[in-house]
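Colleague: You'll find run.cif just under this line, and it carries mmCIF, C-alpha atoms.
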```cif
data_model
loop_
_atom_site.label_atom_id
_atom_site.label_comp_id
_atom_site.auth_asym_id
_atom_site.auth_seq_id
_atom_site.Cartn_x
_atom_site.Cartn_y
_atom_site.Cartn_z
CA MET G 191 -53.95 -52.25 -1.97
CA SER G 192 -50.97 -52.01 -4.32
CA VAL G 193 -49.89 -55.54 -5.25
CA ARG G 194 -47.18 -53.94 -7.38
CA HIS G 195 -45.51 -52.26 -4.43
CA ALA G 196 -46.05 -55.20 -2.10
CA LEU G 197 -44.10 -57.39 -4.58
CA LEU G 198 -41.33 -54.80 -4.81
CA ALA G 199 -41.15 -54.78 -0.99
CA LEU G 200 -40.77 -58.58 -0.89
CA LEU G 201 -38.07 -58.47 -3.59
CA SER G 202 -36.21 -55.75 -1.66
CA GLU G 203 -35.24 -58.54 0.78
CA GLY G 204 -33.56 -60.54 -2.00
CA PRO G 205 -34.33 -62.46 -5.23
CA LYS G 206 -37.45 -64.68 -5.14
CA TYR G 207 -39.54 -67.01 -7.32
CA GLY G 208 -43.09 -66.11 -8.40
CA LEU G 209 -44.80 -68.79 -6.32
CA GLN G 210 -42.70 -67.84 -3.31
CA LEU G 211 -43.80 -64.19 -3.74
CA ARG G 212 -47.43 -65.16 -3.65
CA GLU G 213 -47.01 -67.28 -0.50
CA GLU G 214 -45.04 -64.58 1.28
CA PHE G 215 -47.52 -61.87 0.30
CA GLU G 216 -50.38 -63.81 1.84
CA ALA G 217 -48.40 -64.70 4.96
CA ARG G 218 -47.32 -61.08 5.52
CA THR G 219 -50.84 -59.70 5.23
CA GLY G 220 -52.19 -62.23 7.69
CA GLU G 221 -53.96 -64.05 4.80
CA VAL G 222 -56.60 -61.33 4.83
CA TRP G 223 -55.88 -60.42 1.18
CA PRO G 224 -55.76 -63.60 -0.91
CA LEU G 225 -53.85 -63.23 -4.18
CA ASN G 226 -54.16 -65.50 -7.22
CA VAL G 227 -51.03 -66.66 -8.98
CA GLY G 228 -52.10 -65.09 -12.30
CA GLN G 229 -52.22 -61.68 -10.62
CA VAL G 230 -48.66 -62.21 -9.38
CA TYR G 231 -47.27 -63.04 -12.84
CA THR G 232 -49.13 -60.26 -14.66
CA THR G 233 -47.84 -57.75 -12.11
CA LEU G 234 -44.27 -59.11 -12.36
CA GLN G 235 -44.39 -58.82 -16.18
CA ARG G 236 -45.43 -55.16 -15.90
CA LEU G 237 -42.76 -54.45 -13.31
CA GLU G 238 -40.16 -56.02 -15.63
CA ARG G 239 -41.45 -54.02 -18.61
CA ASP G 240 -41.08 -50.82 -16.52
CA GLY G 241 -37.53 -51.75 -15.52
CA LEU G 242 -38.36 -52.08 -11.81
CA VAL G 243 -37.50 -55.80 -11.57
CA GLU G 244 -35.28 -58.19 -13.56
CA SER G 245 -35.83 -61.90 -14.17
CA ASP G 246 -33.45 -64.82 -14.72
CA GLY G 247 -32.45 -64.73 -18.40
CA ASP G 248 -34.93 -65.61 -21.14
CA GLY G 249 -36.29 -68.77 -19.50
CA GLN G 250 -39.95 -69.79 -19.70
CA ASP G 251 -42.43 -68.19 -17.30
CA GLY G 252 -43.19 -70.57 -14.47
CA PRO G 253 -42.82 -71.22 -10.79
CA GLN G 254 -39.03 -71.61 -11.11
CA LYS G 255 -38.41 -68.23 -12.74
CA GLY G 256 -36.57 -65.95 -10.33
CA PHE G 257 -36.97 -62.17 -9.95
CA ARG G 258 -34.88 -59.45 -8.34
CA ILE G 259 -35.47 -55.73 -7.73
CA THR G 260 -33.54 -53.09 -9.74
CA ALA G 261 -32.17 -49.76 -8.45
CA ALA G 262 -35.13 -48.01 -10.13
CA GLY G 263 -37.46 -50.47 -8.38
CA ALA G 264 -35.92 -49.71 -4.98
CA GLU G 265 -36.30 -45.99 -5.68
CA GLU G 266 -39.98 -46.47 -6.71
CA LEU G 267 -40.64 -48.44 -3.49
CA ALA G 268 -39.04 -45.76 -1.28
CA GLN G 269 -41.14 -43.08 -3.01
CA TRP G 270 -44.37 -45.06 -2.60
CA LEU G 271 -43.83 -45.68 1.13
CA ARG G 272 -43.56 -41.94 1.72
CA THR G 273 -46.44 -40.84 -0.51
CA PRO G 274 -49.59 -40.22 1.57
CA SER G 275 -52.67 -42.01 0.26
CA ASP G 276 -55.28 -39.66 -1.19
CA LEU G 277 -57.83 -39.10 1.57
CA SER G 278 -58.50 -35.47 0.70
CA SER G 279 -61.91 -35.75 -0.95
CA PRO G 280 -64.85 -37.14 1.07
CA PRO G 281 -65.86 -40.59 -0.11
CA ARG G 282 -69.44 -41.07 -1.31
CA ASP G 283 -70.41 -43.00 1.76
CA GLU G 284 -73.58 -45.06 1.48
CA LEU G 285 -74.13 -45.10 5.23
CA VAL G 286 -73.92 -41.30 5.46
CA MET G 287 -76.42 -41.06 2.62
CA LYS G 288 -78.82 -43.47 4.36
CA VAL G 289 -78.80 -41.42 7.56
CA LEU G 290 -79.32 -38.17 5.63
CA VAL G 291 -82.16 -39.72 3.66
CA ALA G 292 -83.71 -41.16 6.84
CA LEU G 293 -83.97 -37.61 8.22
CA ARG G 294 -86.21 -36.73 5.27
CA VAL G 295 -88.45 -39.80 5.04
CA PRO G 296 -91.70 -39.22 6.95
CA GLY G 297 -92.43 -41.70 9.72
CA THR G 298 -88.81 -42.86 9.95
CA ASN G 299 -87.12 -42.92 13.35
CA VAL G 300 -83.58 -41.90 12.39
CA ARG G 301 -82.18 -43.02 15.73
CA ASP G 302 -83.53 -46.53 15.12
CA VAL G 303 -81.95 -46.51 11.67
CA ILE G 304 -78.65 -45.46 13.27
CA GLN G 305 -78.90 -48.26 15.83
CA VAL G 306 -79.35 -50.95 13.15
CA HIS G 307 -76.07 -49.86 11.56
CA ARG G 308 -74.31 -49.42 14.89
CA ARG G 309 -75.16 -52.94 15.97
CA TYR G 310 -74.01 -54.40 12.68
CA LEU G 311 -70.66 -52.58 12.97
CA VAL G 312 -70.12 -53.67 16.58
CA GLU G 313 -70.88 -57.27 15.61
CA LEU G 314 -68.29 -57.05 12.84
CA MET G 315 -65.80 -55.60 15.33
CA GLN G 316 -66.49 -58.49 17.71
CA GLN G 317 -65.55 -60.91 14.93
CA TRP G 318 -62.28 -59.09 14.20
CA THR G 319 -61.44 -58.98 17.89
CA ARG G 320 -61.98 -62.76 18.11
CA ILE G 321 -59.29 -63.16 15.44
CA LYS G 322 -56.89 -61.07 17.50
CA GLU G 323 -57.75 -63.07 20.57
CA THR G 324 -57.54 -66.56 19.08
CA GLU G 325 -54.55 -65.96 16.84
CA ALA G 326 -52.45 -63.96 19.26
CA GLU G 327 -49.36 -65.96 18.37
CA SER G 328 -49.67 -65.59 14.62
CA GLY G 329 -47.53 -62.51 14.58
CA MET G 330 -47.60 -58.78 14.26
CA SER G 331 -48.77 -58.54 10.63
CA LEU G 332 -52.17 -60.04 11.37
CA ALA G 333 -52.54 -57.92 14.51
CA LEU G 334 -51.80 -54.77 12.48
CA VAL G 335 -54.26 -55.71 9.74
CA VAL G 336 -56.96 -56.45 12.33
CA ASP G 337 -56.21 -53.18 14.17
CA ALA G 338 -56.62 -51.27 10.90
CA GLU G 339 -60.05 -52.84 10.36
CA LEU G 340 -61.08 -52.17 13.98
CA PHE G 341 -60.05 -48.51 13.80
CA ARG G 342 -61.86 -48.07 10.48
CA LEU G 343 -65.09 -49.59 11.83
CA ASP G 344 -64.68 -47.73 15.13
CA ALA G 345 -64.55 -44.42 13.25
CA VAL G 346 -67.90 -45.24 11.63
CA VAL G 347 -69.45 -46.15 15.00
CA ARG G 348 -68.19 -42.86 16.42
CA TRP G 349 -69.73 -40.96 13.54
CA LEU G 350 -73.04 -42.72 14.22
CA ASP G 351 -72.76 -41.82 17.93
CA ALA G 352 -72.08 -38.20 17.03
CA ALA G 353 -75.00 -38.16 14.57
CA ASP G 354 -77.27 -39.72 17.19
CA GLY G 355 -76.28 -37.09 19.76
CA ARG G 356 -76.70 -34.24 17.29
CA ILE G 357 -80.16 -35.43 16.23
CA LYS G 358 -81.24 -35.85 19.85
CA ARG G 359 -80.01 -32.37 20.77
CA THR G 360 -81.62 -30.75 17.76
CA ALA G 361 -84.94 -32.43 18.55
CA ALA G 362 -84.73 -31.15 22.14
CA GLU G 363 -84.07 -27.58 21.03
CA PRO G 364 -86.84 -26.57 18.58
CA VAL G 365 -85.29 -23.15 17.94
CA LEU G 366 -82.06 -24.78 16.81
CA ALA G 367 -84.02 -27.27 14.70
CA GLU G 368 -85.82 -24.44 12.92
CA LYS G 369 -82.54 -22.70 12.31
CA THR G 370 -80.89 -25.73 10.78
CA THR G 371 -83.78 -26.55 8.47
CA GLY G 372 -84.18 -22.96 7.35
CA THR G 373 -80.76 -22.45 5.83
CA THR G 374 -81.20 -24.01 2.41
CA GLN G 375 -80.58 -20.69 0.67
CA ALA G 376 -76.97 -20.08 1.59
CA VAL G 377 -75.33 -23.43 2.08
CA PRO G 378 -71.55 -23.32 1.95
CA SER G 379 -70.20 -25.11 -1.11
CA VAL G 380 -68.56 -27.91 0.84
CA ARG G 381 -71.93 -28.86 2.35
CA ARG G 382 -73.51 -28.84 -1.10
CA ARG G 383 -70.83 -31.16 -2.38
CA LEU G 384 -71.40 -33.57 0.48
CA GLY G 385 -75.14 -33.52 -0.11
CA ALA G 386 -75.59 -32.50 3.52
CA ARG G 387 -78.22 -29.85 2.92
CA ARG G 388 -80.99 -29.92 5.47
CA MET X 13 -75.51 -70.38 36.06
CA SER X 14 -76.62 -66.76 36.21
CA VAL X 15 -74.31 -64.67 38.35
CA LEU X 16 -76.23 -61.44 37.75
CA GLU X 17 -79.94 -61.18 37.05
CA MET X 18 -81.75 -57.87 36.72
CA ARG X 19 -85.52 -58.00 36.23
CA CYS X 20 -87.53 -54.93 35.28
CA VAL X 21 -85.10 -52.64 37.09
CA SER X 22 -85.91 -48.91 37.15
CA ARG X 23 -84.22 -46.04 38.93
CA THR X 24 -85.72 -42.60 39.27
CA TYR X 25 -84.07 -39.53 40.76
CA GLY X 26 -85.93 -36.42 41.95
CA VAL X 27 -89.70 -35.90 42.11
CA GLY X 28 -92.37 -34.09 40.15
CA ALA X 29 -91.11 -31.87 37.37
CA ALA X 30 -87.50 -32.64 38.30
CA GLU X 31 -88.04 -36.41 37.99
CA VAL X 32 -85.36 -38.16 35.93
CA HIS X 33 -85.68 -41.78 34.82
CA ALA X 34 -82.08 -42.96 34.86
CA LEU X 35 -83.08 -46.58 34.18
CA GLN X 36 -86.38 -47.95 32.93
CA ASP X 37 -87.45 -51.61 32.95
CA VAL X 38 -84.00 -53.01 32.38
CA ASP X 39 -83.72 -56.81 32.07
CA MET X 40 -80.26 -58.31 31.94
CA THR X 41 -78.80 -61.71 32.78
CA VAL X 42 -75.08 -62.49 32.85
CA ASP X 43 -73.96 -66.10 33.21
CA ALA X 44 -70.69 -67.35 34.68
CA GLY X 45 -67.85 -67.10 32.14
CA VAL X 46 -69.59 -64.44 30.04
CA MET X 47 -68.53 -60.85 29.40
CA VAL X 48 -71.27 -58.36 28.62
CA ALA X 49 -70.45 -54.83 27.46
CA VAL X 50 -72.96 -52.05 27.99
CA MET X 51 -72.65 -49.27 25.42
CA GLY X 52 -74.42 -45.96 25.34
CA PRO X 53 -73.80 -42.22 25.32
CA SER X 54 -73.22 -40.14 28.46
CA GLY X 55 -76.41 -39.96 30.50
CA SER X 56 -77.86 -43.16 29.04
CA GLY X 57 -77.82 -44.86 32.46
CA LYS X 58 -74.68 -47.02 32.07
CA SER X 59 -73.10 -46.10 35.39
CA THR X 60 -76.40 -46.32 37.27
CA LEU X 61 -76.86 -49.83 35.90
CA LEU X 62 -73.42 -50.78 37.19
CA THR X 63 -73.86 -49.32 40.69
CA ILE X 64 -77.22 -51.10 41.04
CA ALA X 65 -75.73 -54.40 39.80
CA GLY X 66 -72.95 -53.94 42.35
CA SER X 67 -75.44 -53.26 45.20
CA LEU X 68 -73.91 -49.82 45.75
CA GLU X 69 -77.30 -48.30 45.02
CA ASP X 70 -80.88 -49.62 45.32
CA PRO X 71 -83.26 -49.64 42.36
CA SER X 72 -86.56 -47.70 42.65
CA SER X 73 -88.31 -50.86 41.47
CA GLY X 74 -87.44 -54.27 40.05
CA GLU X 75 -85.37 -57.18 41.23
CA VAL X 76 -81.60 -57.73 41.29
CA ARG X 77 -79.99 -61.09 42.07
CA VAL X 78 -76.24 -61.55 42.50
CA CYS X 79 -74.97 -65.13 42.85
CA GLY X 80 -78.56 -66.23 43.40
CA GLU X 81 -79.20 -63.82 46.30
CA GLU X 82 -81.93 -61.23 45.90
CA LEU X 83 -80.37 -57.96 47.04
CA ALA X 84 -83.62 -56.46 48.40
CA THR X 85 -83.91 -59.28 50.95
CA LEU X 86 -80.36 -58.87 52.30
CA SER X 87 -79.45 -56.87 55.40
CA ARG X 88 -76.96 -54.05 55.07
CA ASN X 89 -74.24 -56.31 56.52
CA ALA X 90 -75.09 -59.22 54.29
CA LYS X 91 -74.90 -56.92 51.27
CA ALA X 92 -71.51 -55.60 52.37
CA ARG X 93 -70.27 -59.19 52.75
CA LEU X 94 -71.56 -60.08 49.27
CA ARG X 95 -69.74 -57.05 47.88
CA ARG X 96 -66.47 -57.99 49.60
CA ARG X 97 -66.55 -61.66 48.66
CA SER X 98 -68.29 -61.97 45.35
CA ILE X 99 -68.07 -58.66 43.50
CA GLY X 100 -64.99 -56.92 42.12
CA TYR X 101 -65.02 -53.35 40.83
CA VAL X 102 -62.71 -51.65 38.36
CA PHE X 103 -63.04 -47.90 37.99
CA GLN X 104 -61.82 -45.53 35.33
CA ASP X 105 -59.33 -43.85 37.68
CA PHE X 106 -58.01 -47.11 39.21
CA ASN X 107 -58.77 -46.10 42.85
CA LEU X 108 -55.64 -47.70 44.30
CA LEU X 109 -54.58 -46.59 47.78
CA PRO X 110 -51.36 -44.61 47.31
CA GLY X 111 -49.85 -45.59 50.68
CA LEU X 112 -50.06 -49.34 50.02
CA THR X 113 -47.87 -51.40 47.68
CA ALA X 114 -49.37 -53.20 44.68
CA ALA X 115 -49.45 -56.47 46.66
CA GLU X 116 -51.08 -54.79 49.68
CA ASN X 117 -53.70 -53.12 47.47
CA VAL X 118 -54.59 -56.47 45.91
CA ALA X 119 -54.75 -58.30 49.24
CA LEU X 120 -56.81 -55.56 50.92
CA PRO X 121 -60.34 -56.79 50.05
CA LEU X 122 -59.49 -60.23 51.47
CA GLU X 123 -58.01 -58.76 54.65
CA LEU X 124 -61.09 -56.55 55.10
CA ASP X 125 -63.14 -59.71 54.86
CA GLY X 126 -61.22 -61.30 57.73
CA VAL X 127 -58.84 -63.52 55.79
CA PRO X 128 -55.56 -63.81 57.79
CA ALA X 129 -52.92 -61.39 56.44
CA ARG X 130 -50.47 -64.09 55.37
CA LYS X 131 -53.13 -65.99 53.42
CA ALA X 132 -54.47 -62.79 51.85
CA ARG X 133 -50.98 -61.74 50.74
CA ALA X 134 -50.36 -65.17 49.22
CA ALA X 135 -53.62 -64.98 47.26
CA GLY X 136 -52.72 -61.44 46.16
CA MET X 137 -49.27 -62.51 44.97
CA ARG X 138 -50.81 -65.38 43.03
CA VAL X 139 -53.05 -63.02 41.07
CA LEU X 140 -50.24 -60.52 40.48
CA HIS X 141 -48.15 -63.38 39.15
CA GLU X 142 -50.96 -64.46 36.81
CA LEU X 143 -51.26 -60.94 35.46
CA GLY X 144 -47.50 -60.65 34.88
CA LEU X 145 -46.99 -58.14 37.69
CA ALA X 146 -45.09 -60.23 40.22
CA GLU X 147 -41.95 -58.12 39.95
CA ARG X 148 -43.96 -54.93 40.64
CA ALA X 149 -45.57 -56.32 43.82
CA ALA X 150 -43.52 -54.13 46.16
CA SER X 151 -44.02 -50.93 44.12
CA PHE X 152 -46.36 -48.17 45.26
CA PRO X 153 -49.04 -46.96 42.80
CA GLY X 154 -47.08 -43.75 42.19
CA GLN X 155 -44.15 -45.82 40.91
CA LEU X 156 -46.28 -47.73 38.38
CA SER X 157 -47.23 -46.74 34.82
CA GLY X 158 -50.90 -46.13 34.00
CA GLY X 159 -51.20 -49.55 32.36
CA GLU X 160 -49.61 -51.30 35.36
CA ARG X 161 -51.87 -49.45 37.80
CA GLN X 162 -54.96 -50.59 35.95
CA ARG X 163 -53.65 -54.19 35.89
CA VAL X 164 -53.20 -54.00 39.67
CA ALA X 165 -56.77 -52.68 39.95
CA ILE X 166 -58.00 -55.67 37.94
CA ALA X 167 -55.94 -58.04 40.13
CA ARG X 168 -57.66 -56.50 43.18
CA ALA X 169 -61.06 -56.98 41.53
CA VAL X 170 -60.56 -60.69 40.81
CA VAL X 171 -58.56 -61.76 43.90
CA GLY X 172 -60.14 -64.54 45.98
CA GLU X 173 -63.30 -66.21 44.77
CA ARG X 174 -64.97 -63.26 43.03
CA GLN X 175 -67.75 -64.25 40.68
CA LEU X 176 -68.86 -60.88 39.32
CA LEU X 177 -66.54 -58.27 37.87
CA LEU X 178 -68.00 -54.81 37.23
CA ALA X 179 -65.93 -52.32 35.27
CA ASP X 180 -66.75 -48.68 34.46
CA GLU X 181 -64.71 -47.43 31.47
CA PRO X 182 -61.84 -49.67 32.63
CA SER X 183 -59.31 -48.46 30.10
CA GLY X 184 -59.73 -44.89 31.34
CA ALA X 185 -57.22 -42.63 29.68
CA LEU X 186 -54.90 -45.46 28.64
CA ASP X 187 -53.66 -45.64 25.04
CA SER X 188 -55.17 -48.29 22.76
CA VAL X 189 -52.46 -50.93 23.31
CA ASN X 190 -52.76 -50.68 27.11
CA GLY X 191 -56.54 -50.49 26.81
CA GLU X 192 -56.46 -53.74 24.86
CA GLY X 193 -54.27 -55.25 27.60
CA VAL X 194 -56.95 -54.40 30.17
CA MET X 195 -59.66 -56.05 28.07
CA ARG X 196 -57.49 -59.15 27.57
CA LEU X 197 -57.21 -59.51 31.36
CA ILE X 198 -60.95 -59.15 31.91
CA HIS X 199 -61.52 -61.63 29.09
CA ALA X 200 -59.08 -64.07 30.70
CA ALA X 201 -60.91 -63.72 34.04
CA CYS X 202 -64.16 -64.64 32.24
CA LYS X 203 -62.49 -67.71 30.72
CA ARG X 204 -61.82 -68.81 34.31
CA GLY X 205 -65.55 -68.54 35.07
CA VAL X 206 -66.04 -64.95 36.24
CA ALA X 207 -69.08 -63.04 34.91
CA ALA X 208 -68.21 -59.50 33.84
CA VAL X 209 -70.14 -56.36 32.96
CA VAL X 210 -68.07 -53.66 31.28
CA VAL X 211 -69.60 -50.25 30.77
CA THR X 212 -68.00 -48.24 27.97
CA HIS X 213 -68.70 -45.87 25.11
CA ASP X 214 -65.70 -47.30 23.22
CA ALA X 215 -66.69 -49.81 20.52
CA GLN X 216 -63.19 -51.32 20.36
CA LEU X 217 -63.31 -52.21 24.06
CA ALA X 218 -66.90 -53.42 23.77
CA SER X 219 -65.91 -55.73 20.91
CA TRP X 220 -64.08 -57.96 23.41
CA ALA X 221 -67.43 -58.88 24.98
CA ASP X 222 -69.50 -61.96 24.21
CA ARG X 223 -72.58 -59.74 24.07
CA VAL X 224 -73.00 -56.00 23.68
CA VAL X 225 -76.09 -54.39 25.17
CA PHE X 226 -77.07 -50.91 23.94
CA LEU X 227 -78.62 -48.43 26.37
CA ARG X 228 -80.45 -45.29 25.30
CA ASP X 229 -82.25 -42.91 27.66
CA GLY X 230 -82.23 -45.50 30.44
CA ARG X 231 -83.65 -48.34 28.35
CA VAL X 232 -82.05 -51.37 26.73
CA THR X 233 -82.78 -50.75 23.06
CA ASP X 234 -80.82 -53.51 21.37
CA GLN X 235 -78.13 -56.16 21.77
CA THR X 236 -75.71 -58.03 19.52
CA LEU X 237 -76.23 -61.57 18.27
CA PRO X 238 -73.81 -64.35 19.28
CA VAL X 239 -70.40 -63.90 17.63
CA PRO X 240 -69.67 -66.32 14.77
CA GLY X 241 -66.21 -67.85 14.43
CA PRO X 242 -63.36 -65.85 12.87
CA GLU X 243 -63.38 -68.00 9.70
CA SER X 244 -66.35 -65.93 8.46
CA LEU X 245 -63.98 -63.00 7.89
CA LEU X 246 -60.96 -64.90 6.61
CA THR X 247 -62.50 -66.74 3.67
CA PRO X 248 -61.66 -65.19 0.28
CA GLY X 249 -64.32 -62.80 -0.93
CA PRO X 250 -65.87 -62.91 -4.42
CA GLY X 251 -63.53 -62.15 -7.31
CA GLN X 252 -60.35 -62.96 -5.41
#
```
Please express what this file holds, its structure, as structure tokens.
Modeller:
Amino acid sequence: MSVRHALLALLSEGPKYGLQLREEFEARTGEVWPLNVGQVYTTLQRLERDGLVESDGDGQDGPQKGFRITAAGAEELAQWLRTPSDLSSPPRDELVMKVLVALRVPGTNVRDVIQVHRRYLVELMQQWTRIKETEAESGMSLALVVDAELFRLDAVVRWLDAADGRIKRTAAEPVLAEKTTGTTQAVPSVRRRLGARR
Amino acid sequence: MSVLEMRCVSRTYGVGAAEVHALQDVDMTVDAGVMVAVMGPSGSGKSTLLTIAGSLEDPSSGEVRVCGEELATLSRNAKARLRRRSIGYVFQDFNLLPGLTAAENVALPLELDGVPARKARAAGMRVLHELGLAERAASFPGQLSGGERQRVAIARAVVGERQLLLADEPSGALDSVNGEGVMRLIHAACKRGVAAVVVTHDAQLASWADRVVFLRDGRVTDQTLPVPGPESLLTPGPGQ
């Protein structure tokens, strides 16, 4: 989450005070990302140093000090909005590791391990959905933030479902199982990097 | 009050080597006002569970009670009456009759049950109004969008005094916003006291339920704990 760019976005609507920026940031993100006031001022100081915002004269720092965005700041904001976030390299996912490890630990029922995680994720999703349901009137920002969380968790549940299905199918087809466990010699590099050798 | 009670329900298809256990020793109770989602992969027994709960199919063993009536003790006619009066179904592909308007589709189960046409239509219009579809009442299914068609199907499932709503992948091929709309309607029906069982493999839809039951190979393997309030997610985390 880039606080720096979020502040630039708020200032792109017009000049604002530091305290006002903090309140608006929290309101816009559905209060899911709390921000302390120190973080706001440190970020504003850096933005000013980089020439992306300007403040009112040489007055003391404080809640009454106003800030406005510069042309360079507006350009930086436009660039940031259109720069895709880096999702190219696979994250070192603890859950993926646990399932892979479970496959190797004798006496472990991997499908039971998967179910423990699946249930936890669905319970979390139920809590997020309650927020959507009970705060339907609180505006689009909160709904979008909650949707993002739901889609993220949903993707993990789907991966667990796929893993569950794959493990079940492999167990039902011994020939396939033998094949997949007998390929440690020539594993493609991407599988080595993921630690997915079996 | 329990609207649906399933005790030790099993369903087996085929015999001998071809025997398939679609459901094994399933226990499930759904009270009035509660939505239960049943999650599981294809072939886990979700749809069989729903058809047995809806008295469309008999279990091989075990007991099923709907609105306090044990299905095994009911005559074929009595079961049909229970289905018409107390149970509403929502299917993946809507199953609306193309030659009837939205209002006629919704009023149909009441008319089939002998309610006078005028009264049935009035009840149908009331539900369409509640679901924000009053202005589409005279449209035929072919003139409605996918989302509207599914809302009409839900209206048909809850019209009258239905106490049990059974839905099989109710958001079908709808996009996520329309799918959410469908779940909101089912949720609203539960708030009014209906008991609902929604079968789905979609975790986002299931997350609307009060309880999620997980099926695997015909058995209930797990279920979620009661949902805590939303404040548990909205309090600032450590270091913030």
Colleague: Skip range 264-272 of chain G itself and residues of its chain fewer than 4 positions away, then list as a list in words all residues within 8 Å of it, counting all atoms listed in the file.
Modeller: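 Result of the neighbour search: His195, Leu198, Ala199, Ser202, Leu242, Ile259 and Thr260 of chain G.
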Colleague: What does the file look like for those residues with C-alpha atoms, as a PDB file, keeping the file's coordinate frame?
Modeller:
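Produced file again-v5.pdb, reproduced below:
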```pdb
ATOM      1  CA  HIS G 195     -45.510 -52.260  -4.430  1.00  0.00           C
ATOM      2  CA  LEU G 198     -41.330 -54.800  -4.810  1.00  0.00           C
ATOM      3  CA  ALA G 199     -41.150 -54.780  -0.990  1.00  0.00           C
ATOM      4  CA  SER G 202     -36.210 -55.750  -1.660  1.00  0.00           C
ATOM      5  CA  LEU G 242     -38.360 -52.080 -11.810  1.00  0.00           C
ATOM      6  CA  ILE G 259     -35.470 -55.730  -7.730  1.00  0.00           C
ATOM      7  CA  THR G 260     -33.540 -53.090  -9.740  1.00  0.00           C
TER       8      THR G 260
END
```
Colleague: Written as a ChimeraX atom specification, which residues does the PyMOL selection byres ((chain X and resi 182) around 9) give for the file shown?
Modeller: /X:102-106,162,166,179-181,183-185,191,194-195,210-212
Colleague: Counting all atoms listed in the file, what is within 12 Å of range 144-160 of chain X, bar same-chain residues fewer than 2 positions away, as a ChimeraX atom specification?
Modeller: /X:104-119,133-134,136-142,162-167,182-195,197
Colleague: Can I get the residues of chain G within 7 Å of chain X, each with the closest pair of atoms and their distance in Å to one decimal, using all atoms listed in the file, sorted chain first then ascending number, as a tab-separated table?
Modeller:
```
residue	atom	partner	partner_atom	distance
G:Val222	CA	X:Leu246	CA	5.9
G:Pro224	CA	X:Pro248	CA	6.2
G:Leu225	CA	X:Gln252	CA	6.6
G:Asn226	CA	X:Gln252	CA	6.9
G:Arg309	CA	X:Thr236	CA	6.2
G:Val312	CA	X:Ser219	CA	6.4
G:Glu313	CA	X:Thr236	CA	6.3
G:Met315	CA	X:Ser219	CA	5.6
G:Gln316	CA	X:Ser219	CA	4.3
G:Gln317	CA	X:Pro242	CA	5.8
G:Trp318	CA	X:Pro242	CA	7.0
G:Thr319	CA	X:Trp220	CA	6.2
G:Arg320	CA	X:Pro242	CA	6.2
G:Ile321	CA	X:Pro242	CA	5.5
G:Leu340	CA	X:Gln216	CA	6.8
G:Asp344	CA	X:Ala215	CA	6.1
```
Colleague: Need to verify the contact set: Gly45 in chain X, 6 Å, only C-alpha atoms, exclusion of same-chain residues closer than 4 positions in sequence. Can you return it as a short mmCIF file (atom, residue, chain, number, x, y, z; two decimals) with C-alpha atoms, in the coordinates of the input?
Modeller:
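Just written: around.cif:
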```cif
data_model
loop_
_atom_site.label_atom_id
_atom_site.label_comp_id
_atom_site.auth_asym_id
_atom_site.auth_seq_id
_atom_site.Cartn_x
_atom_site.Cartn_y
_atom_site.Cartn_z
CA CYS X 202 -64.16 -64.64 32.24
CA LYS X 203 -62.49 -67.71 30.72
CA GLY X 205 -65.55 -68.54 35.07
CA VAL X 206 -66.04 -64.95 36.24
CA ALA X 207 -69.08 -63.04 34.91
#
```
Colleague: By how many Å are CA of Leu197 in chain G and CA of Phe215 in chain G apart?
Modeller: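 CA of Phe215 in chain G lies 7.5 Å from CA of Leu197 in chain G.
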Colleague: Write out as number ranges by chain each polymer residue whose atoms come within 9 Å of Leu234 in chain G, counting all atoms listed in the file; drop sequence neighbours fewer than 4 positions from it.
Modeller: G: 194, 197, 208, 229-230, 238-239, 243, 257
Colleague: What is the CA of Thr298 in chain G-CA of Leu311 in chain G distance in Å, reported with one decimal?
Modeller: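 Spanning CA of Thr298 in chain G to CA of Leu311 in chain G is a straight-line distance of 20.8 Å.
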Colleague: Expressed in Å to a single decimal, how great is the separation between CA of Asp351 in chain G and CA of Arg231 in chain X?
Modeller: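 Spanning CA of Asp351 in chain G to CA of Arg231 in chain X is a straight-line distance of 16.4 Å.
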Colleague: Applying 12 Å and only C-alpha atoms, which residues near Asp43 in chain X remain after dropping the ones on its own chain fewer than 2 positions away? List them as a ChimeraX atom specification.
Modeller: /X:13-18,40-41,45-48,77-80,175-177,202-203,205-209,222-223
Colleague: Using the chain letters and numbers from the file, which residues does the PyMOL selection byres ((chain G and resi 256) around 9) grab, as a ChimeraX atom specification?
Modeller: /G:205-208,244-246,253-255,257-258
Colleague: Will you model N, CA and C atoms for range 197-201 of chain G and pass it back as a short mmCIF file (atom, residue, chain, number, x, y, z; two decimals), in the coordinates of the input?
Modeller:
```cif
data_model
loop_
_atom_site.label_atom_id
_atom_site.label_comp_id
_atom_site.auth_asym_id
_atom_site.auth_seq_id
_atom_site.Cartn_x
_atom_site.Cartn_y
_atom_site.Cartn_z
N LEU G 197 -45.07 -56.47 -3.98
CA LEU G 197 -44.10 -57.39 -4.58
C LEU G 197 -42.70 -56.77 -4.58
N LEU G 198 -42.63 -55.47 -4.87
CA LEU G 198 -41.33 -54.80 -4.81
C LEU G 198 -40.74 -54.90 -3.40
N ALA G 199 -41.61 -54.73 -2.38
CA ALA G 199 -41.15 -54.78 -0.99
C ALA G 199 -40.57 -56.17 -0.67
N LEU G 200 -41.25 -57.23 -1.15
CA LEU G 200 -40.77 -58.58 -0.89
C LEU G 200 -39.44 -58.82 -1.60
N LEU G 201 -39.32 -58.28 -2.82
CA LEU G 201 -38.07 -58.47 -3.59
C LEU G 201 -36.93 -57.63 -3.02
#
```
